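To start, the structure itself, in structure tokens.
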Amino acid sequence: AALRSEALAERVTTQAAEKFGRLAALLEKWRYDPHDVAHYLIRLLFCLFAEDVGLLPARTFSDLVANGVPNPGHFNRPIRDLFHAMAEGDFFGKDKILYFNGGLFDDAPVLDLDSEALRILHEIAQLDWSAIEPAIFGTLFTRSLDPSQRAKLGAQYTSKEDILLIVEPVLMAPLRRQWAEVQAGAHTLAQARDAAPTTARKHKLGEELRALVMGFVQQVRAVRVLDPAAGSGNFLYIAMRLLMDLEQEAIHFCGAVGLQPPFPEVGPQQMHGIEINDYAHELAQTTLWIGYLQWRHDHGYGFSEPILKPLDTIKHMDAILAYDADGKPVEPEWPAADVIVGNPPFLGDKK
């Protein structure tokens, strides 16, 4: 079942990127600014995801698209109102829309789509966006926005398995070793607490137990991961997901040893990145938020408002070259981090 699920996610993700590539090509023919195209398409894709995980009322976005195919004005006008409602947490028709914020639904232009573009978007809306695979979607979507890269949509990307070859030993292996030690110590304390002859002794051992387990949880929540060639965020997404899984394991362990389980707090704010490409920089933030919200949806946690928060941990800059006030080249300052992961910058066969 897990293999079938992964195969479905990869198929859906590849189809979504290919169709967005067709949509981007249409918008380019109409001479829209490439940055406006990228920002608009990223907002559309987030609406598709939000609808399929219940962050938007059912069919809110899909019905707008379906109604717009025969008459594009039925889409182009109300989509502005929907974006405004998502930015402010306002009503859209009779529906109260959650407060999304995060800068994604700001005042950037809404681009007019014709019937052909809306037919493509209607095809995209039929996909199961809750099954999208963030680990590869960012790379494929970035290629779909770049005319020179569209032919490579089905080409090799850094797979989840390859990313794990780096993230597991660098980030997770030391934490997993420490977690095994914490669990062993916690079981010893829990047994001593349960066998303690007095209430005062039980309380003391219980506090020691809580301090031990929650100390580890707080450590996981404090880990800062940096990808200095972040691309569209696939390494950071995998790292975040693994940390969320480990925190969830510790939360379940709390219940097993008689401690009050805390709510999960690991999230995108711990992921730091550097990216020079405009499209990839914006998409990396969206990839992390989609991965985070997808995890909460899959594990039965609710969503708190604002749904999105500005993610200023992803820096839009050159990771290897900066300039001082006099214009002289200097080494850029990287964000502080505990662990660095990612692919090295790709130069190809020509420097």
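For the structure tokens, the naming scheme is as follows: chains receive sequential letters (A, B, ...) according to their order of presentation, residues are indexed from 1 within each chain, and ligands are indexed from 1 in presentation order.
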
*DSSP says strand (DSSP E or B) for which residues of segment 112-302 of chain A? Put them as a ChimeraX atom specification?*
/A:225-227,271-275

*Do a neighbour search on segment 81-85 of chain A at 7 Å with only C-alpha atoms, toss out local chain neighbours closer than 6 positions, and write the hits as a list in words.*
Phe91, Phe92, Ile97 and Phe105 of chain A

Against segment 336-344 of chain A, which residues of segment 130-200 of chain A fall within 8 Å? For each one I want the closest pair of atoms and the distance in Å (one decimal), counting only C-alpha atoms, rows by chain and increasing residue number, as a tab-separated table.
residue	atom	partner	partner_atom	distance
A:Ile163	CA	A:Gly342	CA	7.8
A:Ile166	CA	A:Val341	CA	6.9
A:Val167	CA	A:Val341	CA	6.5
A:Val170	CA	A:Val339	CA	7.2
A:Leu171	CA	A:Val339	CA	6.4

*Have a look at A:Phe100, A:Gln183, A:Ile320, A:Glu247 and name the one nearest to Ile276 of chain A; count only C-alpha atoms.*
A:Ile320

_Can you pull out the residues contacting Lys96 of chain A? Cut-off 10 Å, using only C-alpha atoms, and skip same-chain residues under 2 positions away; I want them as a PyMOL selection string._
chain A and resi 56-57+85-86+89-94+98-99

*asked:* Given only C-alpha atoms as the basis, pick out the residue of A:Ala256, A:Ala200, A:Ile238, A:Val225 nearest to Glu133 of chain A.
replied: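 Nearest to Glu133 of chain A: A:Ile238.
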
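Those residues that approach Ala125 of chain A to within 12 Å, counting only C-alpha atoms, are Val12, Gln15, Ala16, Lys19, Phe20, Leu44, Leu45, Phe46, Cys47, Leu48, Phe49, Ala50, Glu51, Asp52, Arg59, Thr60, Phe61, Ser62, Asp63, Leu64, Val65, Ala66, Leu118, Arg119, Ile120 and Ser130 of chain A; same-chain residues fewer than 5 positions away are not listed.
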
_DSSP alpha helix (DSSP H) residues within segment 108-234 of chain A, listed as a PyMOL selection string_ = chain A and resi 115-125+134-145+160-167+173-195+199-222+234

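Residues in contact with Trp179 of chain A at 9 Å, where only C-alpha atoms are counted and same-chain residues fewer than 5 positions away are skipped, are listed as Pro174, Ala184, Val213, Phe216, Leu246 and Ala250 of chain A.
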
With N, CA and C atoms retained, write the just-selected residues as a PDB file, in the first residue's frame.
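What follows is the written file again02.pdb:
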ATOM      1  N   PRO A 174      22.460  11.262  14.551  1.00  0.00           N
ATOM      2  CA  PRO A 174      22.829  11.673  15.915  1.00  0.00           C
ATOM      3  C   PRO A 174      21.611  11.860  16.821  1.00  0.00           C
ATOM      4  N   ALA A 184      15.678   4.923  27.008  1.00  0.00           N
ATOM      5  CA  ALA A 184      16.143   3.957  28.008  1.00  0.00           C
ATOM      6  C   ALA A 184      16.119   4.575  29.399  1.00  0.00           C
ATOM      7  N   VAL A 213      12.501  13.810  28.986  1.00  0.00           N
ATOM      8  CA  VAL A 213      11.841  13.637  27.688  1.00  0.00           C
ATOM      9  C   VAL A 213      11.612  14.990  27.017  1.00  0.00           C
ATOM     10  N   PHE A 216      14.620  16.599  25.395  1.00  0.00           N
ATOM     11  CA  PHE A 216      14.911  16.119  24.051  1.00  0.00           C
ATOM     12  C   PHE A 216      13.952  16.736  23.036  1.00  0.00           C
ATOM     13  N   LEU A 246       9.994  12.622  14.150  1.00  0.00           N
ATOM     14  CA  LEU A 246      10.693  12.306  15.396  1.00  0.00           C
ATOM     15  C   LEU A 246      10.001  12.974  16.585  1.00  0.00           C
ATOM     16  N   ALA A 250       8.204  11.179  19.912  1.00  0.00           N
ATOM     17  CA  ALA A 250       8.417  11.568  21.306  1.00  0.00           C
ATOM     18  C   ALA A 250       7.103  11.937  21.986  1.00  0.00           C
TER      19      ALA A 250
END

*List the neighbours of Glu28 of chain A out to 12 Å using only C-alpha atoms; skip same-chain residues closer than 6 positions along the sequence, and give me the result as number ranges by chain.*
A: 21-22, 34-38, 111, 113, 117, 144-147

*Just the residues within 7 Å of segment 157-162 of chain A, please, counting only C-alpha atoms, with nothing from its chain fewer than 2 positions along; format it as a list in words.*
Ala135, Ile136, Ala155, Leu164 and Leu165 of chain A
